[in-house]
file query26.cif (mmCIF, C-alpha atoms and all ligand atoms)
data_input
loop_
_atom_site.group_PDB
_atom_site.id
_atom_site.type_symbol
_atom_site.label_atom_id
_atom_site.label_comp_id
_atom_site.auth_asym_id
_atom_site.auth_seq_id
_atom_site.Cartn_x
_atom_site.Cartn_y
_atom_site.Cartn_z
ATOM 1 C CA MET T 483 2.830 34.905 -13.681
ATOM 2 C CA LYS T 484 -0.600 35.702 -15.141
ATOM 3 C CA ARG T 485 -3.261 33.010 -15.584
ATOM 4 C CA ILE T 486 -1.937 31.013 -18.472
ATOM 5 C CA LYS T 487 -2.342 27.945 -20.596
ATOM 6 C CA LEU T 488 0.711 25.895 -19.777
ATOM 7 C CA PRO T 489 2.532 23.949 -22.497
ATOM 8 C CA ALA T 490 2.867 20.269 -21.541
ATOM 9 C CA HIS T 491 6.081 19.896 -23.513
ATOM 10 C CA ILE T 492 8.674 22.634 -24.068
ATOM 11 C CA ALA T 493 11.731 22.153 -26.249
ATOM 12 C CA VAL T 494 14.684 24.523 -26.034
ATOM 13 C CA ILE T 495 17.476 25.277 -28.492
ATOM 14 C CA MET T 496 20.046 26.564 -26.020
ATOM 15 C CA ASP T 497 22.037 28.775 -28.385
ATOM 16 C CA GLY T 498 24.449 31.645 -27.786
ATOM 17 C CA ASN T 499 26.900 30.261 -25.214
ATOM 18 C CA GLY T 500 29.974 31.109 -27.297
ATOM 19 C CA ARG T 501 28.943 34.668 -28.146
ATOM 20 C CA TRP T 502 27.904 35.317 -24.548
ATOM 21 C CA ALA T 503 31.383 34.317 -23.367
ATOM 22 C CA ARG T 504 33.303 36.116 -26.119
ATOM 23 C CA ARG T 505 31.471 39.360 -25.325
ATOM 24 C CA ARG T 506 32.886 38.990 -21.835
ATOM 25 C CA PHE T 507 36.376 38.284 -23.225
ATOM 26 C CA ARG T 508 36.185 34.738 -21.934
ATOM 27 C CA PRO T 509 36.769 31.479 -23.847
ATOM 28 C CA ARG T 510 33.768 29.816 -25.499
ATOM 29 C CA ALA T 511 34.126 26.888 -23.089
ATOM 30 C CA TYR T 512 33.244 29.244 -20.229
ATOM 31 C CA GLY T 513 29.994 30.022 -22.023
ATOM 32 C CA HIS T 514 29.233 26.315 -22.304
ATOM 33 C CA ARG T 515 29.883 25.830 -18.576
ATOM 34 C CA MET T 516 27.564 28.680 -17.656
ATOM 35 C CA GLY T 517 25.085 27.340 -20.207
ATOM 36 C CA VAL T 518 24.884 23.996 -18.410
ATOM 37 C CA GLN T 519 24.261 25.763 -15.109
ATOM 38 C CA ASN T 520 21.493 27.749 -16.705
ATOM 39 C CA MET T 521 20.003 24.566 -18.121
ATOM 40 C CA PHE T 522 19.488 23.256 -14.592
ATOM 41 C CA LYS T 523 17.996 26.562 -13.443
ATOM 42 C CA ILE T 524 15.580 26.937 -16.354
ATOM 43 C CA CYS T 525 14.547 23.267 -16.513
ATOM 44 C CA GLY T 526 13.980 23.243 -12.751
ATOM 45 C CA HIS T 527 11.776 26.315 -13.098
ATOM 46 C CA ALA T 528 9.816 24.789 -15.968
ATOM 47 C CA PHE T 529 9.079 21.660 -13.932
ATOM 48 C CA ASN T 530 8.150 23.784 -10.903
ATOM 49 C CA LEU T 531 5.667 25.690 -13.055
ATOM 50 C CA GLY T 532 4.054 22.369 -13.980
ATOM 51 C CA VAL T 533 5.562 21.648 -17.391
ATOM 52 C CA ARG T 534 5.746 17.849 -17.726
ATOM 53 C CA ILE T 535 8.327 17.403 -20.485
ATOM 54 C CA VAL T 536 11.357 19.505 -21.337
ATOM 55 C CA THR T 537 13.568 18.608 -24.306
ATOM 56 C CA VAL T 538 16.867 20.481 -24.578
ATOM 57 C CA PHE T 539 19.233 20.639 -27.536
ATOM 58 C CA ALA T 540 22.650 20.219 -25.934
ATOM 59 C CA LEU T 541 24.759 19.124 -28.917
ATOM 60 C CA SER T 542 23.780 18.779 -32.557
ATOM 61 C CA ALA T 543 25.226 16.169 -34.888
ATOM 62 C CA GLU T 544 26.664 19.061 -36.893
ATOM 63 C CA ASN T 545 28.344 20.551 -33.795
ATOM 64 C CA LEU T 546 30.818 17.658 -33.907
ATOM 65 C CA SER T 547 32.449 19.364 -36.911
ATOM 66 C CA ARG T 548 33.576 22.241 -34.696
ATOM 67 C CA PRO T 549 37.298 22.542 -33.891
ATOM 68 C CA LYS T 550 38.473 19.485 -31.939
ATOM 69 C CA GLU T 551 39.372 21.615 -28.945
ATOM 70 C CA GLU T 552 35.779 22.822 -28.529
ATOM 71 C CA VAL T 553 34.326 19.330 -29.071
ATOM 72 C CA ASP T 554 36.712 17.947 -26.437
ATOM 73 C CA GLU T 555 35.674 20.665 -24.005
ATOM 74 C CA LEU T 556 32.023 19.840 -24.605
ATOM 75 C CA PHE T 557 32.692 16.128 -24.028
ATOM 76 C CA GLU T 558 34.491 17.066 -20.799
ATOM 77 C CA LEU T 559 31.388 18.984 -19.689
ATOM 78 C CA PHE T 560 29.183 15.978 -20.430
ATOM 79 C CA ARG T 561 31.614 13.752 -18.548
ATOM 80 C CA SER T 562 31.417 16.090 -15.590
ATOM 81 C CA TYR T 563 27.613 16.351 -15.405
ATOM 82 C CA PHE T 564 26.806 12.782 -16.340
ATOM 83 C CA SER T 565 29.383 11.443 -13.909
ATOM 84 C CA LYS T 566 30.986 13.424 -11.062
ATOM 85 C CA LYS T 567 28.247 16.061 -10.774
ATOM 86 C CA ARG T 568 25.381 13.739 -11.582
ATOM 87 C CA GLU T 569 23.726 14.708 -8.260
ATOM 88 C CA ARG T 570 22.816 17.909 -10.049
ATOM 89 C CA MET T 571 20.769 15.805 -12.495
ATOM 90 C CA TYR T 572 19.148 13.782 -9.733
ATOM 91 C CA GLU T 573 18.125 16.989 -7.915
ATOM 92 C CA LEU T 574 15.702 17.739 -10.737
ATOM 93 C CA ASN T 575 13.815 14.638 -9.592
ATOM 94 C CA VAL T 576 12.584 13.802 -13.090
ATOM 95 C CA LYS T 577 13.215 10.990 -15.522
ATOM 96 C CA ILE T 578 16.209 11.711 -17.748
ATOM 97 C CA CYS T 579 16.622 10.422 -21.291
ATOM 98 C CA VAL T 580 19.428 11.198 -23.715
ATOM 99 C CA LEU T 581 18.286 11.361 -27.347
ATOM 100 C CA GLY T 582 20.688 11.077 -30.271
ATOM 101 C CA ASP T 583 23.506 8.884 -31.485
ATOM 102 C CA ILE T 584 25.632 8.589 -28.354
ATOM 103 C CA SER T 585 27.807 5.831 -29.851
ATOM 104 C CA VAL T 586 30.324 8.532 -30.863
ATOM 105 C CA LEU T 587 30.846 9.582 -27.241
ATOM 106 C CA PRO T 588 33.735 8.205 -25.179
ATOM 107 C CA ALA T 589 32.709 4.846 -23.623
ATOM 108 C CA ASP T 590 32.780 6.118 -20.026
ATOM 109 C CA ILE T 591 30.302 8.884 -20.869
ATOM 110 C CA GLN T 592 28.000 6.376 -22.575
ATOM 111 C CA ASP T 593 28.124 4.224 -19.443
ATOM 112 C CA SER T 594 27.314 7.183 -17.192
ATOM 113 C CA ILE T 595 24.364 8.113 -19.390
ATOM 114 C CA GLY T 596 23.050 4.557 -19.098
ATOM 115 C CA GLU T 597 23.338 4.717 -15.322
ATOM 116 C CA ILE T 598 21.515 8.037 -15.073
ATOM 117 C CA GLU T 599 18.734 6.799 -17.335
ATOM 118 C CA ARG T 600 18.330 3.647 -15.263
ATOM 119 C CA ALA T 601 18.477 5.509 -11.941
ATOM 120 C CA THR T 602 15.756 7.976 -12.967
ATOM 121 C CA ALA T 603 13.565 5.647 -15.042
ATOM 122 C CA HIS T 604 10.989 5.277 -12.255
ATOM 123 C CA LEU T 605 10.422 9.025 -11.840
ATOM 124 C CA THR T 606 7.073 10.021 -13.269
ATOM 125 C CA SER T 607 6.542 13.657 -12.293
ATOM 126 C CA GLY T 608 8.531 14.978 -15.239
ATOM 127 C CA LEU T 609 10.775 14.043 -18.130
ATOM 128 C CA LEU T 610 13.944 15.776 -19.276
ATOM 129 C CA ASN T 611 15.183 14.770 -22.732
ATOM 130 C CA ILE T 612 18.751 15.852 -23.410
ATOM 131 C CA CYS T 613 19.576 15.787 -27.132
ATOM 132 C CA VAL T 614 23.232 14.890 -27.695
ATOM 133 C CA ASN T 615 24.714 14.343 -31.156
ATOM 134 C CA TYR T 616 21.137 14.727 -32.309
ATOM 135 C CA GLY T 617 20.022 15.700 -35.812
ATOM 136 C CA ALA T 618 16.427 15.533 -36.999
ATOM 137 C CA ARG T 619 17.275 14.332 -40.507
ATOM 138 C CA GLN T 620 19.532 11.622 -39.070
ATOM 139 C CA GLU T 621 16.686 10.684 -36.706
ATOM 140 C CA LEU T 622 14.250 10.298 -39.622
ATOM 141 C CA VAL T 623 16.684 8.255 -41.723
ATOM 142 C CA ARG T 624 17.292 5.984 -38.719
ATOM 143 C CA ALA T 625 13.555 5.645 -38.130
ATOM 144 C CA VAL T 626 12.826 4.714 -41.741
ATOM 145 C CA ASN T 627 15.660 2.182 -41.755
ATOM 146 C CA LYS T 628 14.312 0.619 -38.558
ATOM 147 C CA ALA T 629 10.882 0.284 -40.163
ATOM 148 C CA VAL T 630 12.391 -1.174 -43.358
ATOM 149 C CA ALA T 631 14.411 -3.706 -41.343
ATOM 150 C CA LEU T 632 11.192 -4.822 -39.630
ATOM 151 C CA GLY T 633 9.408 -5.009 -42.988
ATOM 152 C CA ARG T 634 6.874 -2.422 -41.856
ATOM 153 C CA VAL T 635 5.026 -0.007 -44.066
ATOM 154 C CA VAL T 636 6.002 3.515 -43.100
ATOM 155 C CA ASP T 637 2.965 5.487 -42.071
ATOM 156 C CA GLU T 638 2.623 8.263 -39.515
ATOM 157 C CA ASN T 639 2.066 5.805 -36.663
ATOM 158 C CA SER T 640 4.985 3.525 -37.426
ATOM 159 C CA LEU T 641 7.288 6.472 -38.106
ATOM 160 C CA GLU T 642 6.262 8.100 -34.827
ATOM 161 C CA SER T 643 7.059 4.876 -33.005
ATOM 162 C CA MET T 644 10.589 4.809 -34.460
ATOM 163 C CA VAL T 645 11.774 8.343 -33.681
ATOM 164 C CA TYR T 646 13.631 9.102 -30.451
ATOM 165 C CA THR T 647 10.544 10.743 -28.951
ATOM 166 C CA ALA T 648 8.318 7.691 -29.589
ATOM 167 C CA GLY T 649 5.134 7.847 -27.534
ATOM 168 C CA LEU T 650 5.651 11.416 -26.334
ATOM 169 C CA PRO T 651 3.409 14.342 -27.174
ATOM 170 C CA ASP T 652 5.004 16.749 -29.658
ATOM 171 C CA PRO T 653 6.526 19.918 -28.202
ATOM 172 C CA ASP T 654 3.847 22.571 -27.746
ATOM 173 C CA LEU T 655 6.429 25.319 -27.579
ATOM 174 C CA ILE T 656 9.954 25.473 -29.000
ATOM 175 C CA ILE T 657 12.137 28.252 -27.611
ATOM 176 C CA ARG T 658 15.374 29.273 -29.302
ATOM 177 C CA THR T 659 17.730 31.711 -27.618
ATOM 178 C CA GLY T 660 20.713 33.452 -29.219
ATOM 179 C CA GLY T 661 18.863 35.527 -31.795
ATOM 180 C CA GLU T 662 18.897 33.134 -34.769
ATOM 181 C CA ILE T 663 15.525 32.443 -36.373
ATOM 182 C CA ARG T 664 15.956 28.826 -37.483
ATOM 183 C CA LEU T 665 15.567 25.272 -36.242
ATOM 184 C CA SER T 666 19.080 24.007 -37.112
ATOM 185 C CA ASN T 667 17.964 20.393 -37.680
ATOM 186 C CA PHE T 668 16.075 20.118 -34.364
ATOM 187 C CA LEU T 669 12.881 18.027 -34.058
ATOM 188 C CA LEU T 670 11.794 18.638 -37.658
ATOM 189 C CA TYR T 671 9.156 15.890 -37.527
ATOM 190 C CA GLN T 672 7.848 16.697 -34.053
ATOM 191 C CA ALA T 673 7.730 20.466 -34.679
ATOM 192 C CA ALA T 674 4.948 20.229 -37.295
ATOM 193 C CA TYR T 675 2.500 22.195 -35.105
ATOM 194 C CA SER T 676 4.775 23.520 -32.385
ATOM 195 C CA GLU T 677 4.590 27.185 -31.518
ATOM 196 C CA LEU T 678 7.986 28.806 -32.071
ATOM 197 C CA TYR T 679 9.459 31.493 -29.823
ATOM 198 C CA PHE T 680 12.738 33.242 -30.519
ATOM 199 C CA SER T 681 14.636 35.210 -27.902
ATOM 200 C CA GLY T 682 17.533 37.573 -28.547
ATOM 201 C CA LYS T 683 19.006 36.663 -25.162
ATOM 202 C CA MET T 684 22.072 34.416 -25.196
ATOM 203 C CA TRP T 685 21.402 31.108 -23.444
ATOM 204 C CA PRO T 686 23.495 31.733 -20.277
ATOM 205 C CA GLU T 687 21.552 34.965 -19.650
ATOM 206 C CA PHE T 688 18.063 33.553 -20.380
ATOM 207 C CA SER T 689 16.274 33.956 -17.047
ATOM 208 C CA LYS T 690 13.346 32.335 -15.270
ATOM 209 C CA ARG T 691 11.349 35.467 -16.064
ATOM 210 C CA ASP T 692 12.287 35.080 -19.754
ATOM 211 C CA LEU T 693 10.892 31.541 -19.625
ATOM 212 C CA GLU T 694 7.680 32.831 -18.096
ATOM 213 C CA LYS T 695 7.427 35.482 -20.822
ATOM 214 C CA ALA T 696 7.811 32.803 -23.489
ATOM 215 C CA ILE T 697 5.067 30.745 -21.849
ATOM 216 C CA GLU T 698 2.795 33.804 -21.557
ATOM 217 C CA ASN T 699 3.371 34.537 -25.219
ATOM 218 C CA TYR T 700 2.553 30.916 -26.095
ATOM 219 C CA SER T 701 -0.542 31.065 -23.943
ATOM 220 C CA ALA T 702 -2.016 33.901 -26.000
ATOM 221 C CA ARG T 703 -1.645 32.076 -29.314
ATOM 222 C CA ASP T 704 -4.452 30.485 -31.251
ATOM 223 C CA ARG T 705 -3.489 26.964 -32.310
ATOM 224 C CA ARG T 706 -5.684 26.057 -35.243
ATOM 225 C CA TYR T 707 -3.958 22.955 -36.654
ATOM 226 C CA GLY T 708 -5.192 23.827 -40.114
ATOM 227 C CA ASN T 709 -8.770 24.181 -38.966
ATOM 228 C CA VAL T 710 -10.954 27.277 -38.674
ATOM 229 C CA ARG T 711 -12.176 28.991 -35.560
ATOM 230 C CA GLU T 712 -15.614 30.547 -35.517
ATOM 231 C CA GLU T 713 -15.520 34.184 -34.358
HETATM 232 C C1 LIG K 801 25.065 26.590 -28.179
HETATM 233 O O1 LIG K 801 25.924 27.679 -28.136
HETATM 234 C C2 LIG K 801 25.693 25.354 -27.567
HETATM 235 C C3 LIG K 801 26.174 24.381 -28.560
HETATM 236 C C4 LIG K 801 25.918 24.448 -29.831
HETATM 237 C C5 LIG K 801 26.982 23.284 -28.065
HETATM 238 P P1 LIG K 801 26.946 27.983 -29.302
HETATM 239 O O2 LIG K 801 28.238 27.284 -29.013
HETATM 240 O O3 LIG K 801 26.355 27.690 -30.629
HETATM 241 O O4 LIG K 801 27.137 29.541 -29.120
HETATM 242 P P2 LIG K 801 27.181 30.629 -30.268
HETATM 243 O O5 LIG K 801 25.936 30.447 -31.093
HETATM 244 O O6 LIG K 801 28.433 30.388 -31.049
HETATM 245 O O7 LIG K 801 27.190 31.916 -29.533
HETATM 246 C C1 LIG K 802 21.994 24.671 -32.480
HETATM 247 O O1 LIG K 802 22.881 25.741 -32.383
HETATM 248 C C2 LIG K 802 22.487 23.506 -31.674
HETATM 249 C C3 LIG K 802 22.446 23.658 -30.230
HETATM 250 C C4 LIG K 802 22.016 24.686 -29.577
HETATM 251 C C5 LIG K 802 22.921 22.516 -29.473
HETATM 252 P P1 LIG K 802 24.044 25.980 -33.457
HETATM 253 O O2 LIG K 802 24.820 27.140 -32.971
HETATM 254 O O3 LIG K 802 24.770 24.729 -33.705
HETATM 255 O O4 LIG K 802 23.210 26.347 -34.764
HETATM 256 P P2 LIG K 802 23.643 27.166 -36.058
HETATM 257 O O5 LIG K 802 24.990 26.636 -36.482
HETATM 258 O O6 LIG K 802 23.723 28.597 -35.665
HETATM 259 O O7 LIG K 802 22.551 26.908 -37.044
HETATM 260 MG MG MG K 803 25.263 28.754 -31.938
#
call {"tool": "encode", "arguments": {"input": "query26.cif", "output": "structure tokens"}}
result
Amino acid sequence: MKRIKLPAHIAVIMDGNGRWARRRFRPRAYGHRMGVQNMFKICGHAFNLGVRIVTVFALSAENLSRPKEEVDELFELFRSYFSKKRERMYELNVKICVLGDISVLPADIQDSIGEIERATAHLTSGLLNICVNYGARQELVRAVNKAVALGRVVDENSLESMVYTAGLPDPDLIIRTGGEIRLSNFLLYQAAYSELYFSGKMWPEFSKRDLEKAIENYSARDRRYGNVREE
């Protein structure tokens, strides 16, 4: 990779699993399985490159309205990776946090998530946030209600301290695969000044080189934050 300015925090909307599988005449669930494998590959590469925080969109709140069969298959995948195959998570050697309303998940999956979070809490070289049943609007409503319950005035600081990503730097770069040019209710508050990168590749086929290209593209951008830059 060329000399580049590395984003400290990358967020990824891992979209396109279903279409990737259907194009191969396979069930959508196969795409989700391959998508999880790719998540480990791409996150591992990001951390190896020196990225400190990676936030992945694994399941949106709205995804729970999909046909029950698909939702069940997704829950089964979570069960597998948060429980039986959790070694795969530990191999990343980073702190793992699950963001979103996990109270809708089966109790055993919630327990496994708690165990993984506890077991990795001491790891400081990197942080992987996995967004599950996450929606940005729901996150903001929850944050405001928390502030109201505490009798606090909502300002940018108190609101920031009530969202799931409290205390973390905002994502510098948000990558979406799958060809759609939208955020689909992902990190709406945190994305205020994120650089957005859209790839036509489906998530299971998004490669390490594709990640590097996204970072190179980010690196060449001029982040002005509303200010001016003297020529
Ligand atoms: C993203 O892939 C993964 C989830 C939303 C769980 P999709 O399942 O949305 O795949 P496409 O967009 O239908 O191809
Ligand atoms: C966004 O993808 C959610 C995840 C990748 C987890 P969707 O496939 O749900 O988004 P839409 O429906 O195309 O907006
Ligand atoms: Mg999709």
call {"tool": "closest_residue", "arguments": {"input": "query26.cif", "among": "T:Ser666, T:Thr659, T:Asn545, T:Gln672", "to": "Phe688 in chain T", "atoms": "all atoms listed in the file"}}
result
T:Thr659
call {"tool": "resolve_selection", "arguments": {"input": "query26.cif", "expression": "the PyMOL selection byres (((chain T and resi 689) around 12) and not hetatm)", "output": "number ranges by chain"}}
result
T: 517, 519-528, 659, 681, 683-688, 690-696
call {"tool": "resolve_selection", "arguments": {"input": "query26.cif", "expression": "the PyMOL selection byres (((chain T and resi 580-594) around 7) and not hetatm)", "output": "list in words"}}
result
Arg561, Phe564, Ser565, Ile578, Cys579, Ile595, Gly596, Glu597, Ile598, Asn611, Ile612, Cys613, Val614, Asn615, Tyr616 and Tyr646 of chain T
call {"tool": "residues_near_ligand", "arguments": {"input": "query26.cif", "ligand": "ligand MG 803 (chain K)", "cutoff": "12 Å", "atoms": "only C-alpha atoms and all ligand atoms", "output": "tab-separated table (two decimals) with C-alpha atoms, in the coordinates of the input"}}
result
chain	number	residue	atom	x	y	z
T	495	ILE	CA	17.48	25.28	-28.49
T	496	MET	CA	20.05	26.56	-26.02
T	497	ASP	CA	22.04	28.78	-28.38
T	498	GLY	CA	24.45	31.64	-27.79
T	499	ASN	CA	26.90	30.26	-25.21
T	500	GLY	CA	29.97	31.11	-27.30
T	501	ARG	CA	28.94	34.67	-28.15
T	502	TRP	CA	27.90	35.32	-24.55
T	503	ALA	CA	31.38	34.32	-23.37
T	510	ARG	CA	33.77	29.82	-25.50
T	513	GLY	CA	29.99	30.02	-22.02
T	514	HIS	CA	29.23	26.32	-22.30
T	517	GLY	CA	25.08	27.34	-20.21
T	539	PHE	CA	19.23	20.64	-27.54
T	540	ALA	CA	22.65	20.22	-25.93
T	541	LEU	CA	24.76	19.12	-28.92
T	542	SER	CA	23.78	18.78	-32.56
T	544	GLU	CA	26.66	19.06	-36.89
T	545	ASN	CA	28.34	20.55	-33.80
T	548	ARG	CA	33.58	22.24	-34.70
T	658	ARG	CA	15.37	29.27	-29.30
T	659	THR	CA	17.73	31.71	-27.62
T	660	GLY	CA	20.71	33.45	-29.22
T	661	GLY	CA	18.86	35.53	-31.80
T	662	GLU	CA	18.90	33.13	-34.77
T	663	ILE	CA	15.52	32.44	-36.37
T	664	ARG	CA	15.96	28.83	-37.48
T	665	LEU	CA	15.57	25.27	-36.24
T	666	SER	CA	19.08	24.01	-37.11
T	684	MET	CA	22.07	34.42	-25.20
T	685	TRP	CA	21.40	31.11	-23.44
call {"tool": "closest_residue", "arguments": {"input": "query26.cif", "among": "T:Thr602, T:Asn667, T:Ser607, T:Asn627", "to": "ligand LIG 802 (chain K)", "atoms": "all atoms listed in the file"}}
result
T:Asn667
call {"tool": "residues_around", "arguments": {"input": "query26.cif", "residues": "Ser562 in chain T", "least_positions_apart": "5", "cutoff": "12 Å", "atoms": "all atoms listed in the file", "output": "ChimeraX atom specification"}}
result
/T:515,518,555-557,567-571,590-591,594-595
call {"tool": "residues_around", "arguments": {"input": "query26.cif", "residues": "range 705-708 of chain T", "least_positions_apart": "5", "cutoff": "9 Å", "atoms": "all atoms listed in the file", "output": "PyMOL selection string"}}
result
chain T and resi 675-677
call {"tool": "resolve_selection", "arguments": {"input": "query26.cif", "expression": "the PyMOL selection byres (((chain T and resi 652) around 10) and not hetatm)", "output": "MDAnalysis selection string"}}
result
chainID T and resid 490:493 535 647:651 653:655 669 671:676
call {"tool": "atom_distance", "arguments": {"input": "query26.cif", "atom1": "CA of Val635 in chain T", "atom2": "CA of Leu622 in chain T"}}
result
14.5 Å
call {"tool": "atom_distance", "arguments": {"input": "query26.cif", "atom1": "CA of Arg711 in chain T", "atom2": "CA of Asn699 in chain T"}}
result
19.5 Å
call {"tool": "residues_around", "arguments": {"input": "query26.cif", "residues": "Leu605 in chain T", "least_positions_apart": "6", "cutoff": "7 Å", "atoms": "all atoms listed in the file", "output": "tab-separated table (two decimals) with C-alpha atoms, in the frame of the given file"}}
result
chain	number	residue	atom	x	y	z
T	575	ASN	CA	13.82	14.64	-9.59
T	576	VAL	CA	12.58	13.80	-13.09
T	577	LYS	CA	13.22	10.99	-15.52
call {"tool": "atom_distance", "arguments": {"input": "query26.cif", "atom1": "CA of Glu698 in chain T", "atom2": "CA of Gly608 in chain T"}}
result
20.7 Å
call {"tool": "axis_aligned_box", "arguments": {"input": "query26.cif", "around": "range 632-639 of chain T", "padding_each_side": "4 Å", "output": "AutoDock Vina command-line options"}}
result
--center_x 6.6 --center_y 1.6 --center_z -40.4 --size_x 17.1 --size_y 21.3 --size_z 15.4
call {"tool": "closest_residue", "arguments": {"input": "query26.cif", "among": "T:Gly532, T:Gly682, T:Asn639, T:Val626", "to": "ligand LIG 801 (chain K)", "atoms": "only C-alpha atoms and all ligand atoms"}}
result
T:Gly682
call {"tool": "closest_residue", "arguments": {"input": "query26.cif", "among": "T:Phe668, T:Ala603, T:Lys487, T:Leu632", "to": "ligand LIG 801 (chain K)", "atoms": "all atoms listed in the file"}}
result
T:Phe668
call {"tool": "residues_near_point", "arguments": {"input": "query26.cif", "point": "(10.2, 30.1, -28.6)", "cutoff": "6 Å", "atoms": "only C-alpha atoms", "output": "PyMOL selection string"}}
result
chain T and resi 656-658+678-680
call {"tool": "closest_residue", "arguments": {"input": "query26.cif", "among": "T:Lys566, T:Arg505, T:Arg703, T:Arg634", "to": "ligand LIG 801 (chain K)", "atoms": "only C-alpha atoms and all ligand atoms"}}
result
T:Arg505
call {"tool": "closest_residue", "arguments": {"input": "query26.cif", "among": "T:Asp554, T:Gly617, T:Leu488, T:Pro549", "to": "ligand LIG 802 (chain K)", "atoms": "all atoms listed in the file"}}
result
T:Gly617
